[in-house]
>>> print(open('target-v4.tsv').read())   # TSV, C-alpha atoms
chain	number	residue	atom	x	y	z
A	824	MET	CA	10.28	10.65	22.34
A	825	LYS	CA	10.42	7.88	24.96
A	826	LYS	CA	6.96	6.29	24.73
A	827	VAL	CA	4.70	5.70	21.74
A	828	ALA	CA	1.55	3.71	21.09
A	829	VAL	CA	0.08	1.98	18.06
A	830	PHE	CA	-3.57	1.29	17.26
A	831	THR	CA	-5.81	0.22	14.38
A	832	SER	CA	-9.08	1.91	13.55
A	833	GLY	CA	-11.85	1.69	10.97
A	834	GLY	CA	-12.26	-1.34	8.72
A	835	ASP	CA	-9.74	-4.13	9.07
A	836	ALA	CA	-7.40	-4.88	6.18
A	837	PRO	CA	-5.00	-7.78	5.48
A	838	GLY	CA	-1.49	-6.61	6.31
A	839	MET	CA	-2.42	-4.57	9.38
A	840	ASN	CA	-0.70	-7.13	11.61
A	841	ALA	CA	2.49	-6.83	9.58
A	842	CYS	CA	2.25	-3.07	10.08
A	843	ILE	CA	1.77	-3.43	13.85
A	844	ARG	CA	4.69	-5.84	14.04
A	845	ALA	CA	7.01	-3.48	12.18
A	846	ALA	CA	6.04	-0.48	14.32
A	847	VAL	CA	6.54	-2.43	17.56
A	848	ARG	CA	9.86	-3.98	16.61
A	849	GLY	CA	11.04	-0.70	15.14
A	850	ALA	CA	10.33	1.03	18.44
A	851	ILE	CA	12.25	-1.64	20.33
A	852	TYR	CA	15.17	-1.27	17.91
A	853	TYR	CA	15.25	2.48	18.57
A	854	LYS	CA	14.98	1.89	22.34
A	855	THR	CA	11.54	3.45	22.62
A	856	GLU	CA	8.82	2.01	24.86
A	857	VAL	CA	5.84	0.94	22.82
A	858	PHE	CA	2.23	0.33	23.83
A	859	GLY	CA	-0.72	-1.19	22.05
A	860	ILE	CA	-4.22	0.27	22.20
A	861	ARG	CA	-7.03	-2.23	21.70
A	862	TYR	CA	-10.26	-1.27	19.88
A	863	GLY	CA	-8.99	1.99	18.39
A	864	TYR	CA	-10.22	5.31	19.74
A	865	ASP	CA	-12.79	3.56	21.91
A	866	GLY	CA	-10.03	1.64	23.65
A	867	MET	CA	-8.03	4.84	24.02
A	868	ILE	CA	-10.92	6.44	25.87
A	869	LYS	CA	-11.38	3.39	28.12
A	870	GLY	CA	-7.70	2.94	28.85
A	871	ASN	CA	-7.43	-0.41	27.07
A	872	ILE	CA	-3.68	0.13	26.73
A	873	PHE	CA	-0.88	-2.35	27.35
A	874	LYS	CA	2.90	-2.53	27.02
A	875	MET	CA	4.17	-4.45	24.02
A	876	ASP	CA	7.45	-6.25	23.42
A	877	SER	CA	8.96	-8.27	20.60
A	878	HIS	CA	7.10	-11.40	21.69
A	879	SER	CA	3.78	-9.50	21.52
A	880	VAL	CA	4.00	-9.49	17.74
A	881	SER	CA	5.46	-12.96	17.14
A	882	ASN	CA	3.70	-15.15	14.58
A	883	ILE	CA	1.28	-12.48	13.33
A	884	VAL	CA	2.79	-11.30	10.03
A	885	GLN	CA	0.83	-13.95	8.11
A	886	LYS	CA	-2.52	-13.35	9.79
A	887	GLY	CA	-5.43	-11.29	8.45
A	888	GLY	CA	-7.44	-8.87	10.55
A	889	THR	CA	-5.80	-6.98	13.42
A	890	ILE	CA	-4.60	-8.34	16.76
A	891	LEU	CA	-5.30	-4.90	18.27
A	892	LYS	CA	-8.97	-5.13	17.21
A	893	SER	CA	-10.96	-2.25	15.76
A	894	ALA	CA	-14.15	-0.46	16.74
A	895	ARG	CA	-16.16	2.63	15.96
A	896	SER	CA	-16.22	5.34	18.62
A	897	ALA	CA	-19.04	7.86	18.68
A	898	GLU	CA	-17.65	9.19	21.96
A	899	PHE	CA	-14.31	10.17	20.39
A	900	ARG	CA	-16.23	12.48	18.07
A	901	THR	CA	-17.02	14.62	21.13
A	902	LYS	CA	-14.62	16.98	22.91
A	903	GLU	CA	-15.37	15.18	26.16
A	904	GLY	CA	-14.43	11.84	24.66
A	905	ARG	CA	-11.16	13.16	23.31
A	906	GLN	CA	-10.40	14.66	26.72
A	907	LYS	CA	-10.81	11.21	28.28
A	908	ALA	CA	-8.52	9.70	25.65
A	909	PHE	CA	-5.86	12.33	26.34
A	910	GLU	CA	-6.04	11.67	30.09
A	911	GLN	CA	-5.57	7.94	29.52
A	912	LEU	CA	-2.49	8.54	27.34
A	913	GLN	CA	-1.10	10.85	30.05
A	914	LYS	CA	-1.41	8.05	32.61
A	915	PHE	CA	0.94	5.92	30.55
A	916	GLY	CA	3.23	8.78	29.55
A	917	ILE	CA	2.53	8.22	25.85
A	918	GLU	CA	3.97	11.04	23.73
A	919	GLY	CA	3.08	10.01	20.19
A	920	LEU	CA	0.78	7.71	18.21
A	921	ILE	CA	0.95	5.48	15.16
A	922	ALA	CA	-2.54	5.20	13.68
A	923	ILE	CA	-3.25	2.44	11.15
A	924	GLY	CA	-6.47	3.14	9.26
A	925	GLY	CA	-8.18	5.35	6.71
A	926	ASP	CA	-9.53	8.87	6.36
A	927	GLY	CA	-11.83	8.64	9.41
A	928	THR	CA	-8.90	7.52	11.55
A	929	PHE	CA	-6.72	10.37	10.30
A	930	THR	CA	-9.49	12.95	10.74
A	931	GLY	CA	-9.72	11.98	14.41
A	932	ALA	CA	-5.95	12.09	14.84
A	933	LYS	CA	-5.71	15.52	13.25
A	934	LEU	CA	-8.37	16.94	15.55
A	935	PHE	CA	-6.78	15.24	18.57
A	936	TYR	CA	-3.45	16.95	17.85
A	937	GLU	CA	-5.08	20.35	17.37
A	938	GLU	CA	-6.78	20.09	20.76
A	939	PHE	CA	-4.23	18.23	22.88
A	940	GLY	CA	-0.92	18.30	21.02
A	941	ILE	CA	-0.39	14.55	20.73
A	942	PRO	CA	1.47	13.99	17.43
A	943	THR	CA	0.34	11.15	15.19
A	944	VAL	CA	1.79	9.56	12.07
A	945	GLY	CA	-0.59	7.35	10.13
A	946	ALA	CA	-0.17	4.21	8.03
A	947	PRO	CA	-2.84	3.81	5.33
A	948	GLY	CA	-4.76	0.63	6.15
A	949	THR	CA	-7.77	0.25	3.85
A	950	ILE	CA	-8.59	-2.22	1.10
A	951	ASP	CA	-10.12	0.56	-1.03
A	952	ASN	CA	-6.75	2.11	-2.01
A	953	ASP	CA	-8.45	5.51	-2.06
A	954	LEU	CA	-6.07	7.65	0.03
A	955	TYR	CA	-4.14	10.48	-1.58
A	956	GLY	CA	-0.41	10.35	-0.87
A	957	THR	CA	0.33	6.70	-1.52
A	958	ASP	CA	0.30	4.49	-4.59
A	959	ILE	CA	-1.04	1.54	-2.61
A	960	THR	CA	-2.69	1.00	0.76
A	961	ILE	CA	-2.36	-1.91	3.16
A	962	GLY	CA	-4.85	-4.64	2.25
A	963	PHE	CA	-5.60	-3.60	-1.32
A	964	ASP	CA	-3.54	-6.27	-3.06
A	965	THR	CA	-5.05	-9.08	-0.98
A	966	ALA	CA	-8.58	-7.77	-1.55
A	967	VAL	CA	-8.04	-7.67	-5.32
A	968	ASN	CA	-6.70	-11.21	-5.33
A	969	THR	CA	-9.61	-12.42	-3.19
A	970	ALA	CA	-12.08	-10.83	-5.60
A	971	LEU	CA	-10.16	-12.22	-8.57
A	972	GLU	CA	-10.28	-15.76	-7.19
A	973	ALA	CA	-14.05	-15.47	-6.81
A	974	ILE	CA	-14.46	-14.03	-10.33
A	975	ASP	CA	-12.46	-16.94	-11.78
A	976	LYS	CA	-14.74	-19.46	-10.09
A	977	ILE	CA	-17.92	-17.64	-11.09
A	978	ARG	CA	-16.73	-17.50	-14.70
A	979	ASP	CA	-16.61	-21.31	-14.74
A	980	THR	CA	-20.29	-21.59	-13.85
A	981	ALA	CA	-21.23	-18.62	-16.08
A	982	ASP	CA	-19.60	-20.37	-19.04
A	983	SER	CA	-21.19	-23.72	-18.20
A	984	HIS	CA	-24.70	-22.26	-18.20
A	985	ASP	CA	-24.34	-19.39	-20.71
A	986	ARG	CA	-25.13	-16.85	-18.01
A	987	VAL	CA	-24.48	-13.18	-17.35
A	988	PHE	CA	-23.08	-12.64	-13.86
A	989	PHE	CA	-23.08	-9.28	-12.08
A	990	ILE	CA	-20.42	-9.41	-9.37
A	991	GLU	CA	-20.35	-6.69	-6.73
A	992	VAL	CA	-17.06	-5.83	-5.05
A	993	MET	CA	-16.28	-3.32	-2.31
A	994	GLY	CA	-15.67	0.32	-3.17
A	995	ARG	CA	-18.28	2.76	-1.91
A	996	ASP	CA	-16.39	5.78	-3.25
A	997	SER	CA	-13.58	4.11	-5.17
A	998	GLY	CA	-13.38	1.75	-8.12
A	999	TYR	CA	-9.83	0.51	-7.55
A	1000	ILE	CA	-10.78	-3.02	-6.50
A	1001	ALA	CA	-13.38	-3.27	-9.25
A	1002	ILE	CA	-11.13	-2.09	-12.07
A	1003	GLN	CA	-8.13	-4.26	-11.16
A	1004	SER	CA	-10.09	-7.42	-10.37
A	1005	GLY	CA	-12.21	-6.82	-13.47
A	1006	ILE	CA	-9.18	-6.53	-15.75
A	1007	GLY	CA	-7.48	-9.50	-14.11
A	1008	GLY	CA	-10.68	-11.55	-14.33
A	1009	GLY	CA	-11.41	-10.69	-17.95
A	1010	ALA	CA	-14.69	-8.89	-17.22
A	1011	GLU	CA	-16.58	-7.53	-20.20
A	1012	ILE	CA	-17.75	-4.49	-18.23
A	1013	VAL	CA	-16.58	-2.76	-15.02
A	1014	LEU	CA	-18.82	-0.16	-13.36
A	1015	VAL	CA	-17.11	2.27	-10.98
A	1016	PRO	CA	-18.14	5.47	-9.14
A	1017	GLU	CA	-15.51	7.55	-10.97
A	1018	THR	CA	-17.11	7.22	-14.41
A	1019	LEU	CA	-20.69	7.16	-15.64
A	1020	THR	CA	-21.69	3.91	-17.33
A	1021	THR	CA	-25.39	3.83	-18.18
A	1022	ILE	CA	-27.65	0.80	-18.43
A	1023	ASP	CA	-27.75	1.38	-22.20
A	1024	ASP	CA	-23.93	1.19	-22.24
A	1025	VAL	CA	-24.08	-2.12	-20.37
A	1026	ILE	CA	-26.62	-3.61	-22.75
A	1027	ASN	CA	-24.76	-2.37	-25.84
A	1028	THR	CA	-21.51	-3.95	-24.66
A	1029	LEU	CA	-23.22	-7.24	-23.78
A	1030	THR	CA	-25.05	-7.28	-27.12
A	1031	GLN	CA	-21.85	-6.69	-29.05
A	1032	GLY	CA	-20.34	-9.67	-27.26
A	1033	TRP	CA	-23.29	-11.92	-28.08
A	1034	ASN	CA	-23.05	-10.82	-31.72
A	1035	ARG	CA	-19.46	-12.10	-31.67
A	1036	SER	CA	-20.72	-15.48	-30.37
A	1037	LYS	CA	-19.89	-14.88	-26.70
A	1038	THR	CA	-22.12	-17.14	-24.63
A	1039	SER	CA	-21.36	-15.83	-21.13
A	1040	SER	CA	-20.38	-12.50	-19.62
A	1041	ILE	CA	-18.96	-11.07	-16.40
A	1042	VAL	CA	-19.89	-7.58	-15.19
A	1043	VAL	CA	-17.98	-6.28	-12.16
A	1044	VAL	CA	-19.72	-3.56	-10.15
A	1045	ALA	CA	-18.18	-1.38	-7.43
A	1046	GLU	CA	-20.73	-1.08	-4.62
A	1047	GLY	CA	-20.80	2.72	-4.94
A	1048	ASP	CA	-21.61	2.89	-8.65
A	1049	GLU	CA	-24.07	5.66	-9.55
A	1050	GLU	CA	-26.48	3.18	-11.20
A	1051	GLY	CA	-26.88	1.30	-7.92
A	1052	SER	CA	-25.86	-2.06	-6.50
A	1053	ALA	CA	-25.14	-5.09	-8.66
A	1054	PHE	CA	-28.61	-6.42	-7.85
A	1055	GLU	CA	-30.31	-3.14	-8.81
A	1056	ILE	CA	-28.35	-2.89	-12.05
A	1057	SER	CA	-29.08	-6.52	-12.93
A	1058	GLN	CA	-32.80	-5.89	-12.44
A	1059	LYS	CA	-32.71	-2.92	-14.81
A	1060	VAL	CA	-30.88	-4.99	-17.42
A	1061	LYS	CA	-33.24	-7.95	-16.95
A	1062	LYS	CA	-36.24	-5.79	-17.79
A	1063	LEU	CA	-34.71	-4.90	-21.15
A	1064	ILE	CA	-33.36	-8.35	-22.03
A	1065	PRO	CA	-35.64	-10.78	-20.17
A	1066	GLU	CA	-34.57	-13.73	-22.29
A	1067	LYS	CA	-31.07	-13.78	-20.75
A	1068	ASP	CA	-30.14	-15.85	-17.70
A	1069	ILE	CA	-28.79	-13.24	-15.25
A	1070	LYS	CA	-27.31	-13.95	-11.83
A	1071	VAL	CA	-25.83	-11.74	-9.08
A	1072	THR	CA	-23.05	-12.39	-6.58
A	1073	THR	CA	-22.08	-9.90	-3.86
A	1074	LEU	CA	-18.64	-10.68	-2.46
A	1075	GLY	CA	-18.97	-8.40	0.57
A	1076	HIS	CA	-16.68	-8.73	3.57
A	1077	ILE	CA	-14.92	-11.81	2.24
A	1078	GLN	CA	-12.63	-9.24	0.57
A	1079	ARG	CA	-11.39	-7.98	3.93
A	1080	GLY	CA	-10.38	-11.35	5.33
A	1081	GLY	CA	-7.73	-13.95	4.69
A	1082	ASN	CA	-3.98	-14.17	4.93
A	1083	PRO	CA	-2.29	-11.08	3.46
A	1084	SER	CA	-0.45	-11.45	0.18
A	1085	ALA	CA	3.33	-11.14	0.03
A	1086	GLN	CA	2.92	-7.58	-1.22
A	1087	ASP	CA	0.65	-6.59	1.66
A	1088	ARG	CA	3.03	-8.08	4.21
A	1089	ILE	CA	5.89	-6.08	2.71
A	1090	ILE	CA	3.86	-2.87	2.26
A	1091	GLY	CA	2.51	-3.19	5.81
A	1092	SER	CA	6.02	-3.69	7.18
A	1093	ARG	CA	7.46	-0.75	5.23
A	1094	LEU	CA	4.68	1.61	6.29
A	1095	GLY	CA	4.68	0.49	9.93
A	1096	LEU	CA	8.40	1.04	10.28
A	1097	GLY	CA	8.22	4.21	8.19
A	1098	ALA	CA	5.46	5.67	10.38
A	1099	LEU	CA	7.47	4.90	13.51
A	1100	GLN	CA	10.63	6.45	12.08
A	1101	GLY	CA	8.69	9.51	10.94
A	1102	LEU	CA	7.20	9.97	14.39
A	1103	LEU	CA	10.61	9.71	16.08
A	1104	ASN	CA	12.04	12.18	13.56
A	1105	GLY	CA	9.42	14.84	14.29
A	1106	GLU	CA	6.70	14.14	11.73
A	1107	LYS	CA	3.19	14.86	12.97
A	1108	ASN	CA	-0.26	15.06	11.45
A	1109	ALA	CA	1.07	13.11	8.48
A	1110	MET	CA	0.53	9.80	6.73
A	1111	ALA	CA	3.38	7.54	5.66
A	1112	GLY	CA	2.91	6.39	2.09
A	1113	ILE	CA	4.77	4.83	-0.81
A	1114	ILE	CA	5.01	6.71	-4.11
A	1115	ASN	CA	7.23	5.39	-6.92
A	1116	ASP	CA	8.54	2.80	-4.43
A	1117	GLN	CA	9.80	5.55	-2.08
A	1118	LEU	CA	8.62	6.30	1.46
A	1119	VAL	CA	6.95	9.73	1.61
A	1120	PHE	CA	4.92	11.70	4.16
A	1121	THR	CA	1.71	13.50	3.26
A	1122	SER	CA	-0.19	15.79	5.62
A	1123	PHE	CA	-3.43	14.39	7.01
A	1124	GLU	CA	-5.12	17.45	5.52
A	1125	ASP	CA	-4.10	16.40	2.00
A	1126	ALA	CA	-4.53	12.66	2.55
A	1127	ILE	CA	-8.11	13.22	3.74
A	1128	ASN	CA	-9.26	15.97	1.38
A	1129	LYS	CA	-7.43	15.46	-1.90
A	1130	SER	CA	-8.88	12.93	-4.32
A	1131	LYS	CA	-6.94	10.02	-5.75
A	1132	PRO	CA	-8.22	9.64	-9.31
A	1133	LEU	CA	-8.60	6.27	-10.95
A	1134	ASN	CA	-6.12	5.70	-13.77
A	1135	LYS	CA	-8.02	6.46	-16.99
A	1136	ASP	CA	-5.78	4.06	-18.90
A	1137	LEU	CA	-7.23	1.20	-16.85
A	1138	ILE	CA	-10.79	2.23	-17.71
A	1139	GLU	CA	-9.89	2.37	-21.40
A	1140	MET	CA	-8.19	-1.00	-21.09
A	1141	VAL	CA	-11.47	-2.63	-19.99
A	1142	ASN	CA	-13.21	-1.34	-23.12
A	1143	ILE	CA	-10.40	-2.45	-25.44
A	1144	LEU	CA	-9.96	-5.92	-23.95
A	1145	SER	CA	-13.70	-6.68	-23.92
A	1146	ILE	CA	-13.71	-6.93	-27.73
>>> encode(input="target-v4.tsv", output="structure tokens")
Amino acid sequence: MKKVAVFTSGGDAPGMNACIRAAVRGAIYYKTEVFGIRYGYDGMIKGNIFKMDSHSVSNIVQKGGTILKSARSAEFRTKEGRQKAFEQLQKFGIEGLIAIGGDGTFTGAKLFYEEFGIPTVGAPGTIDNDLYGTDITIGFDTAVNTALEAIDKIRDTADSHDRVFFIEVMGRDSGYIAIQSGIGGGAEIVLVPETLTTIDDVINTLTQGWNRSKTSSIVVVAEGDEEGSAFEISQKVKKLIPEKDIKVTTLGHIQRGGNPSAQDRIIGSRLGLGALQGLLNGEKNAMAGIINDQLVFTSFEDAINKSKPLNKDLIEMVNILSI
């Protein structure tokens, strides 16, 4: 393989730039021409493709976001759009792709290979840590630490005013950020999509705390919890215990930004280089991941369709440590 290209797609995640840097410098090391594609699949369709060299990725390992930008592409979901993307890659002689993103990115890459035969190896870039085939995804550690920093600060004001704070973190389908930031932040309750926690459960846990002379409480809510958003849950609780001072904070996209942690820089670098090496060694339709600290490759089919269950020990830990 003489020419490859790298792109980022879907939501940005801290550590993506480290991943890009590793893929680019790895390609140069193996004497392979490397191109960057700006704005993901949309840029692929429009030919927003440029040659990269070692200098292209200087001074980016510490930066959040993605220097290659990211965008949604409705056109790539059509056969006509994918045909345009293929024609643009042909113009540059690109033979393989490194895709940094999540399940939507890998779904597109899988379909693209089936139709046009362009092999892709993916690197899991998503703060949600919800992809099967890797213990950790690029951006997750930074997102947890960002959420944890906010929880620590909110706890100060909760304690000062004897308040109950409901803090919403990202995780539409996954409770990984919620459970780890909740444990690290000493939350009394963590609500996640993977387990059912009713409003009665919330009130019972809070009441038990007040009976033990707790004067403030933190409840961490993953945005995809079955009881609703943090605001909706707080309103349900407020109706049943109107005498309590209840506040809500939604952290939102602050969790995606900021300089990547040391772990995300290292994970991003390992997966970027690993994806490049896998592509050059004949891997295709596969995601590079890290399991038990070892580089592994998992088919896109499995990475997309198989679930990655939340560790039940962590859920039990929240209940034990809230006493």
>>> residues_near_point(input="target-v4.tsv", point="(-10.3, 6.1, 11.1)", cutoff="9 Å", atoms="only C-alpha atoms", output="PyMOL selection string")
chain A and resi 831-834+863-864+895+922-932
>>> residues_around(input="target-v4.tsv", residues="segment 950-961 of chain A", least_positions_apart="4", cutoff="9 Å", atoms="all atoms listed in the file", output="ChimeraX atom specification")
/A:834-839,842,924-926,946,965-967,993-1000,1078-1079,1086-1088,1090-1091,1094,1110-1116,1118-1122,1125-1133
>>> atom_distance(input="target-v4.tsv", atom1="atom CA of Tyr936 of chain A", atom2="atom CA of Lys907 of chain A")
14.0 Å
>>> atom_distance(input="target-v4.tsv", atom1="atom CA of Thr1073 of chain A", atom2="atom CA of Glu991 of chain A")
4.6 Å
>>> axis_aligned_box(input="target-v4.tsv", around="segment 1095-1108 of chain A", padding_each_side="8 Å", output="AutoDock Vina command-line options")
--center_x 5.9 --center_y 7.8 --center_z 12.1 --size_x 28.3 --size_y 30.6 --size_z 23.9
>>> closest_residue(input="target-v4.tsv", among="A:Ile1056, A:Met867, A:Ala1045, A:Ala908", to="Asp1023 of chain A", atoms="only C-alpha atoms")
A:Ile1056
>>> atom_distance(input="target-v4.tsv", atom1="atom CA of Gly962 of chain A", atom2="atom CA of Ser1004 of chain A")
13.9 Å
>>> residues_near_point(input="target-v4.tsv", point="(-12.1, -12.5, -19.8)", cutoff="12 Å", atoms="all atoms listed in the file", output="ChimeraX atom specification")
/A:971,974-975,977-979,981-982,1004-1013,1032,1037,1039-1043,1141-1146
>>> residues_around(input="target-v4.tsv", residues="Ile941 of chain A", least_positions_apart="4", cutoff="12 Å", atoms="only C-alpha atoms", output="PDB file with C-alpha atoms, keeping the file's coordinate frame")
ATOM      1  CA  MET A 824      10.280  10.650  22.340  1.00  0.00           C
ATOM      2  CA  LYS A 826       6.960   6.290  24.730  1.00  0.00           C
ATOM      3  CA  VAL A 827       4.700   5.700  21.740  1.00  0.00           C
ATOM      4  CA  ALA A 828       1.550   3.710  21.090  1.00  0.00           C
ATOM      5  CA  ARG A 905     -11.160  13.160  23.310  1.00  0.00           C
ATOM      6  CA  GLN A 906     -10.400  14.660  26.720  1.00  0.00           C
ATOM      7  CA  ALA A 908      -8.520   9.700  25.650  1.00  0.00           C
ATOM      8  CA  PHE A 909      -5.860  12.330  26.340  1.00  0.00           C
ATOM      9  CA  GLU A 910      -6.040  11.670  30.090  1.00  0.00           C
ATOM     10  CA  LEU A 912      -2.490   8.540  27.340  1.00  0.00           C
ATOM     11  CA  GLN A 913      -1.100  10.850  30.050  1.00  0.00           C
ATOM     12  CA  GLY A 916       3.230   8.780  29.550  1.00  0.00           C
ATOM     13  CA  ILE A 917       2.530   8.220  25.850  1.00  0.00           C
ATOM     14  CA  GLU A 918       3.970  11.040  23.730  1.00  0.00           C
ATOM     15  CA  GLY A 919       3.080  10.010  20.190  1.00  0.00           C
ATOM     16  CA  LEU A 920       0.780   7.710  18.210  1.00  0.00           C
ATOM     17  CA  ILE A 921       0.950   5.480  15.160  1.00  0.00           C
ATOM     18  CA  ALA A 922      -2.540   5.200  13.680  1.00  0.00           C
ATOM     19  CA  GLY A 931      -9.720  11.980  14.410  1.00  0.00           C
ATOM     20  CA  ALA A 932      -5.950  12.090  14.840  1.00  0.00           C
ATOM     21  CA  LYS A 933      -5.710  15.520  13.250  1.00  0.00           C
ATOM     22  CA  LEU A 934      -8.370  16.940  15.550  1.00  0.00           C
ATOM     23  CA  PHE A 935      -6.780  15.240  18.570  1.00  0.00           C
ATOM     24  CA  TYR A 936      -3.450  16.950  17.850  1.00  0.00           C
ATOM     25  CA  GLU A 937      -5.080  20.350  17.370  1.00  0.00           C
ATOM     26  CA  LEU A1102       7.200   9.970  14.390  1.00  0.00           C
ATOM     27  CA  GLY A1105       9.420  14.840  14.290  1.00  0.00           C
ATOM     28  CA  GLU A1106       6.700  14.140  11.730  1.00  0.00           C
ATOM     29  CA  LYS A1107       3.190  14.860  12.970  1.00  0.00           C
ATOM     30  CA  ASN A1108      -0.260  15.060  11.450  1.00  0.00           C
TER      31      ASN A1108
END
>>> closest_residue(input="target-v4.tsv", among="A:Lys1059, A:Arg1093, A:Lys869, A:Lys1070", to="Ser896 of chain A", atoms="all atoms listed in the file")
A:Lys869
>>> closest_residue(input="target-v4.tsv", among="A:Gln1117, A:Asn882, A:Thr1072, A:Ser1084", to="Glu1046 of chain A", atoms="all atoms listed in the file")
A:Thr1072
>>> closest_residue(input="target-v4.tsv", among="A:Thr889, A:Gln1003, A:Gln911, A:Thr949", to="Ala841 of chain A", atoms="only C-alpha atoms")
A:Thr889
>>> residues_around(input="target-v4.tsv", residues="Val857 of chain A", least_positions_apart="6", cutoff="9 Å", atoms="only C-alpha atoms", output="list in words")
Lys825, Lys826, Val827, Ala828, Val829, Ala846, Val847, Arg848, Ala850, Ile851, Phe873, Lys874, Met875, Asp876 and Ile917 of chain A
>>> closest_residue(input="target-v4.tsv", among="A:Ala1109, A:Ile868, A:Val944, A:Ala973", to="Gly1095 of chain A", atoms="all atoms listed in the file")
A:Val944
>>> closest_residue(input="target-v4.tsv", among="A:Ile883, A:Ile890, A:Ile1138, A:Leu1096", to="Asn1082 of chain A", atoms="all atoms listed in the file")
A:Ile883
